[in-house]
Amino acid sequence: VTSEAIKRVAESRYGKREYKLLPNGIDVDSFSPQGPLIEEWKEDGKEIVLIAMGRIEKRKGVVYGLEAYKIIKARRPNTKLMIVGDGPEKKSIEEKVSRERIEDVHFTGRLSRAEYEMALRTADVGIYPAIGGEGWGIVVGEGLASGLLSVVSNISGYDEVTERGQP
């Protein structure tokens, strides 16, 4: 299993057994602070680029990230939010942004592997507001390996990636 969180799920479904803990690996050659950036993300003069990455579905909590962004935007107007990914909640999130006239929110859709790596290096802060169901949080680990300051939900899958909030 990849995490203690997944171990607990496995034990609840298949009973207590001896499970070997083998966390996901991260290609630190690809996910590192050094390398090309997505220059267009910085061309509009916004000083802080926030990024929310992953499947856009309820359990990923994108709507909560958007609510947090509204607070940040009110205090730091020179900020923008890049929402990377696709999923069943994308249309409703786009409609919310339009309906509430939330400025400087950009939807990129899915990125290629190379663009994904560059996006993690380009952004200033990653926001991961998942509400549960995370086994280990590979996107958080890849962001951290890329030097991305990350704000994560206090859930078990992310807890292991971030070593319980410790650097």
# chains A, B, ... in the order shown; residues from 1 in each chain; ligands from 1
>>> residues_around(residues="Gly143 in chain A", least_positions_apart="6", cutoff="8 Å", atoms="only C-alpha atoms", output="list in words")
Phe31, Leu120, Arg121, Gly126, Leu149 and Ser150 of chain A
>>> residues_around(residues="range 1-10 of chain A", least_positions_apart="4", cutoff="12 Å", atoms="only C-alpha atoms", output="JSON, numbers by chain")
{"A": [14, 15, 16, 17, 18, 19, 20, 21, 22, 23, 24, 25, 132, 133, 134, 135, 136, 137, 138, 155, 156, 157, 158, 159, 160, 161, 163]}
>>> write_last_selection(atoms="N, CA, C and O atoms", output="mmCIF file, in the first residue's frame")
data_model
loop_
_atom_site.group_PDB
_atom_site.id
_atom_site.type_symbol
_atom_site.label_atom_id
_atom_site.label_comp_id
_atom_site.auth_asym_id
_atom_site.auth_seq_id
_atom_site.Cartn_x
_atom_site.Cartn_y
_atom_site.Cartn_z
ATOM 1 N N TYR A 14 -10.587 -5.667 3.565
ATOM 2 C CA TYR A 14 -10.049 -7.015 3.416
ATOM 3 C C TYR A 14 -9.564 -7.630 4.716
ATOM 4 O O TYR A 14 -9.046 -8.737 4.719
ATOM 5 N N GLY A 15 -9.683 -6.905 5.804
ATOM 6 C CA GLY A 15 -9.260 -7.409 7.104
ATOM 7 C C GLY A 15 -7.812 -7.058 7.406
ATOM 8 O O GLY A 15 -7.049 -6.632 6.554
ATOM 9 N N LYS A 16 -7.492 -7.226 8.666
ATOM 10 C CA LYS A 16 -6.129 -6.916 9.112
ATOM 11 C C LYS A 16 -5.190 -7.989 8.585
ATOM 12 O O LYS A 16 -5.382 -9.166 8.830
ATOM 13 N N ARG A 17 -4.217 -7.530 7.863
ATOM 14 C CA ARG A 17 -3.172 -8.391 7.300
ATOM 15 C C ARG A 17 -1.876 -7.635 7.404
ATOM 16 O O ARG A 17 -1.844 -6.464 7.767
ATOM 17 N N GLU A 18 -0.825 -8.287 7.013
ATOM 18 C CA GLU A 18 0.453 -7.577 6.969
ATOM 19 C C GLU A 18 0.553 -6.896 5.604
ATOM 20 O O GLU A 18 0.620 -7.559 4.570
ATOM 21 N N TYR A 19 0.526 -5.584 5.641
ATOM 22 C CA TYR A 19 0.639 -4.790 4.425
ATOM 23 C C TYR A 19 1.998 -4.115 4.434
ATOM 24 O O TYR A 19 2.431 -3.590 5.456
ATOM 25 N N LYS A 20 2.635 -4.112 3.304
ATOM 26 C CA LYS A 20 3.926 -3.436 3.186
ATOM 27 C C LYS A 20 3.680 -2.007 2.725
ATOM 28 O O LYS A 20 2.971 -1.771 1.755
ATOM 29 N N LEU A 21 4.275 -1.072 3.437
ATOM 30 C CA LEU A 21 4.129 0.342 3.108
ATOM 31 C C LEU A 21 5.195 0.730 2.087
ATOM 32 O O LEU A 21 6.389 0.614 2.342
ATOM 33 N N LEU A 22 4.749 1.140 0.918
ATOM 34 C CA LEU A 22 5.650 1.548 -0.152
ATOM 35 C C LEU A 22 5.101 2.831 -0.770
ATOM 36 O O LEU A 22 4.283 2.793 -1.689
ATOM 37 N N PRO A 23 5.509 4.003 -0.226
ATOM 38 C CA PRO A 23 4.981 5.274 -0.745
ATOM 39 C C PRO A 23 5.322 5.482 -2.216
ATOM 40 O O PRO A 23 6.288 4.915 -2.736
ATOM 41 N N ASN A 24 4.517 6.309 -2.862
ATOM 42 C CA ASN A 24 4.784 6.675 -4.251
ATOM 43 C C ASN A 24 6.152 7.333 -4.361
ATOM 44 O O ASN A 24 6.584 8.030 -3.447
ATOM 45 N N GLY A 25 6.787 7.118 -5.474
ATOM 46 C CA GLY A 25 8.058 7.790 -5.736
ATOM 47 C C GLY A 25 7.837 9.045 -6.565
ATOM 48 O O GLY A 25 6.809 9.197 -7.216
ATOM 49 N N GLY A 132 -11.166 14.669 1.347
ATOM 50 C CA GLY A 132 -10.984 13.281 1.748
ATOM 51 C C GLY A 132 -10.723 12.390 0.550
ATOM 52 O O GLY A 132 -10.728 12.839 -0.591
ATOM 53 N N GLY A 133 -10.468 11.141 0.839
ATOM 54 C CA GLY A 133 -10.277 10.165 -0.215
ATOM 55 C C GLY A 133 -8.913 10.201 -0.875
ATOM 56 O O GLY A 133 -8.734 9.651 -1.950
ATOM 57 N N GLU A 134 -7.941 10.839 -0.247
ATOM 58 C CA GLU A 134 -6.602 10.893 -0.815
ATOM 59 C C GLU A 134 -5.749 9.794 -0.196
ATOM 60 O O GLU A 134 -5.659 9.686 1.020
ATOM 61 N N GLY A 135 -5.123 9.017 -1.048
ATOM 62 C CA GLY A 135 -4.269 7.954 -0.557
ATOM 63 C C GLY A 135 -2.906 8.443 -0.121
ATOM 64 O O GLY A 135 -2.398 8.073 0.928
ATOM 65 N N TRP A 136 -2.292 9.283 -0.906
ATOM 66 C CA TRP A 136 -0.974 9.807 -0.567
ATOM 67 C C TRP A 136 -0.791 11.229 -1.058
ATOM 68 O O TRP A 136 -0.026 11.979 -0.497
ATOM 69 N N GLY A 137 -1.452 11.642 -2.077
ATOM 70 C CA GLY A 137 -1.346 13.016 -2.561
ATOM 71 C C GLY A 137 -0.119 13.239 -3.429
ATOM 72 O O GLY A 137 0.701 14.098 -3.135
ATOM 73 N N ILE A 138 -0.002 12.488 -4.503
ATOM 74 C CA ILE A 138 1.175 12.573 -5.374
ATOM 75 C C ILE A 138 1.369 13.985 -5.915
ATOM 76 O O ILE A 138 2.497 14.473 -5.999
ATOM 77 N N ILE A 155 -5.943 16.319 5.963
ATOM 78 C CA ILE A 155 -6.504 14.983 5.752
ATOM 79 C C ILE A 155 -5.368 13.977 5.747
ATOM 80 O O ILE A 155 -4.220 14.318 5.466
ATOM 81 N N SER A 156 -5.700 12.724 6.029
ATOM 82 C CA SER A 156 -4.649 11.729 6.241
ATOM 83 C C SER A 156 -3.742 11.513 5.042
ATOM 84 O O SER A 156 -2.544 11.368 5.203
ATOM 85 N N GLY A 157 -4.243 11.482 3.833
ATOM 86 C CA GLY A 157 -3.378 11.263 2.681
ATOM 87 C C GLY A 157 -2.352 12.362 2.493
ATOM 88 O O GLY A 157 -1.194 12.109 2.151
ATOM 89 N N TYR A 158 -2.757 13.607 2.723
ATOM 90 C CA TYR A 158 -1.834 14.726 2.602
ATOM 91 C C TYR A 158 -0.914 14.814 3.809
ATOM 92 O O TYR A 158 0.226 15.271 3.709
ATOM 93 N N ASP A 159 -1.412 14.384 4.939
ATOM 94 C CA ASP A 159 -0.641 14.431 6.181
ATOM 95 C C ASP A 159 0.678 13.667 6.029
ATOM 96 O O ASP A 159 1.717 14.113 6.498
ATOM 97 N N GLU A 160 0.630 12.542 5.350
ATOM 98 C CA GLU A 160 1.841 11.736 5.180
ATOM 99 C C GLU A 160 2.824 12.368 4.204
ATOM 100 O O GLU A 160 4.026 12.290 4.386
ATOM 101 N N VAL A 161 2.332 13.001 3.165
ATOM 102 C CA VAL A 161 3.194 13.647 2.181
ATOM 103 C C VAL A 161 3.950 14.814 2.807
ATOM 104 O O VAL A 161 5.118 15.032 2.540
ATOM 105 N N GLU A 163 4.612 15.229 5.938
ATOM 106 C CA GLU A 163 5.182 14.832 7.226
ATOM 107 C C GLU A 163 4.496 15.555 8.366
ATOM 108 O O GLU A 163 5.118 16.147 9.226
#
>>> atom_distance(atom1="CA of Val152 in chain A", atom2="CA of Glu117 in chain A")
19.0 Å
>>> closest_residue(among="A:Ile127, A:Leu37, A:Ile26, A:Ile51", to="Glu142 in chain A", atoms="only C-alpha atoms")
A:Ile26
>>> closest_residue(among="A:Ala119, A:Val140, A:Gly61, A:Ser98", to="Val84 in chain A", atoms="only C-alpha atoms")
A:Ala119
>>> atom_distance(atom1="CA of Gly45 in chain A", atom2="CA of Lys60 in chain A")
28.9 Å
>>> residues_around(residues="Arg110 in chain A", least_positions_apart="4", cutoff="12 Å", atoms="only C-alpha atoms", output="MDAnalysis selection string")
chainID A and resid 52:56 82:87 90 114:116 119
>>> write_last_selection(atoms="N, CA and C atoms", output="PDB file, in the first residue's frame")
ATOM      1  N   ALA A  52      -4.263  25.443  -8.456  1.00  0.00           N
ATOM      2  CA  ALA A  52      -5.034  24.313  -7.940  1.00  0.00           C
ATOM      3  C   ALA A  52      -4.979  23.255  -9.032  1.00  0.00           C
ATOM      4  N   MET A  53      -4.430  22.090  -8.700  1.00  0.00           N
ATOM      5  CA  MET A  53      -4.226  21.055  -9.710  1.00  0.00           C
ATOM      6  C   MET A  53      -4.930  19.769  -9.326  1.00  0.00           C
ATOM      7  N   GLY A  54      -5.413  19.079 -10.330  1.00  0.00           N
ATOM      8  CA  GLY A  54      -6.002  17.767 -10.101  1.00  0.00           C
ATOM      9  C   GLY A  54      -7.359  17.644 -10.751  1.00  0.00           C
ATOM     10  N   ARG A  55      -7.945  16.510 -10.527  1.00  0.00           N
ATOM     11  CA  ARG A  55      -9.264  16.248 -11.079  1.00  0.00           C
ATOM     12  C   ARG A  55     -10.258  17.185 -10.401  1.00  0.00           C
ATOM     13  N   ILE A  56     -11.099  17.817 -11.205  1.00  0.00           N
ATOM     14  CA  ILE A  56     -12.074  18.766 -10.662  1.00  0.00           C
ATOM     15  C   ILE A  56     -13.350  17.989 -10.337  1.00  0.00           C
ATOM     16  N   MET A  82      -4.737  29.788 -11.137  1.00  0.00           N
ATOM     17  CA  MET A  82      -4.751  28.882 -12.282  1.00  0.00           C
ATOM     18  C   MET A  82      -5.369  27.570 -11.816  1.00  0.00           C
ATOM     19  N   ILE A  83      -6.471  27.173 -12.428  1.00  0.00           N
ATOM     20  CA  ILE A  83      -7.099  25.891 -12.100  1.00  0.00           C
ATOM     21  C   ILE A  83      -6.743  24.929 -13.218  1.00  0.00           C
ATOM     22  N   VAL A  84      -5.957  23.921 -12.858  1.00  0.00           N
ATOM     23  CA  VAL A  84      -5.428  22.966 -13.824  1.00  0.00           C
ATOM     24  C   VAL A  84      -6.144  21.638 -13.668  1.00  0.00           C
ATOM     25  N   GLY A  85      -6.706  21.138 -14.751  1.00  0.00           N
ATOM     26  CA  GLY A  85      -7.351  19.836 -14.722  1.00  0.00           C
ATOM     27  C   GLY A  85      -8.712  19.887 -15.364  1.00  0.00           C
ATOM     28  N   ASP A  86      -9.397  18.766 -15.240  1.00  0.00           N
ATOM     29  CA  ASP A  86     -10.711  18.603 -15.825  1.00  0.00           C
ATOM     30  C   ASP A  86     -11.504  17.679 -14.909  1.00  0.00           C
ATOM     31  N   GLY A  87     -12.779  17.610 -15.106  1.00  0.00           N
ATOM     32  CA  GLY A  87     -13.586  16.709 -14.296  1.00  0.00           C
ATOM     33  C   GLY A  87     -15.033  17.133 -14.241  1.00  0.00           C
ATOM     34  N   LYS A  90     -16.068  20.802 -13.225  1.00  0.00           N
ATOM     35  CA  LYS A  90     -15.454  21.951 -13.897  1.00  0.00           C
ATOM     36  C   LYS A  90     -16.488  22.972 -14.354  1.00  0.00           C
ATOM     37  N   ALA A 114       5.068  17.641 -19.650  1.00  0.00           N
ATOM     38  CA  ALA A 114       6.065  18.724 -19.614  1.00  0.00           C
ATOM     39  C   ALA A 114       5.442  20.019 -19.103  1.00  0.00           C
ATOM     40  N   GLU A 115       4.218  20.338 -19.548  1.00  0.00           N
ATOM     41  CA  GLU A 115       3.540  21.547 -19.077  1.00  0.00           C
ATOM     42  C   GLU A 115       3.225  21.449 -17.586  1.00  0.00           C
ATOM     43  N   TYR A 116       2.840  20.261 -17.141  1.00  0.00           N
ATOM     44  CA  TYR A 116       2.535  20.019 -15.721  1.00  0.00           C
ATOM     45  C   TYR A 116       3.769  20.293 -14.861  1.00  0.00           C
ATOM     46  N   ALA A 119       4.344  23.997 -14.825  1.00  0.00           N
ATOM     47  CA  ALA A 119       3.323  24.688 -14.035  1.00  0.00           C
ATOM     48  C   ALA A 119       3.680  24.685 -12.553  1.00  0.00           C
TER      49      ALA A 119
END
>>> closest_residue(among="A:Arg113, A:Val62, A:Glu67, A:His106", to="Glu89 in chain A", atoms="only C-alpha atoms")
A:Val62
>>> select_by_dssp(residues="range 3-163 of chain A", states="strand (DSSP E)", output="PyMOL selection string")
chain A and resi 48-53+79-84+105-109+125-128+149-152
>>> residues_around(residues="Lys46 in chain A", least_positions_apart="2", cutoff="12 Å", atoms="only C-alpha atoms", output="list in words")
Glu40, Trp41, Lys42, Glu43, Asp44, Ile48, Val49, Leu50, Lys73, Arg76, Pro77, Asn78, Thr79, Lys80, Leu81, Met82, Glu103, Asp104, Val105, Ala123 and Asp124 of chain A
>>> closest_residue(among="A:Val151, A:Ile131, A:Met118, A:Leu111", to="Ile38 in chain A", atoms="only C-alpha atoms")
A:Met118
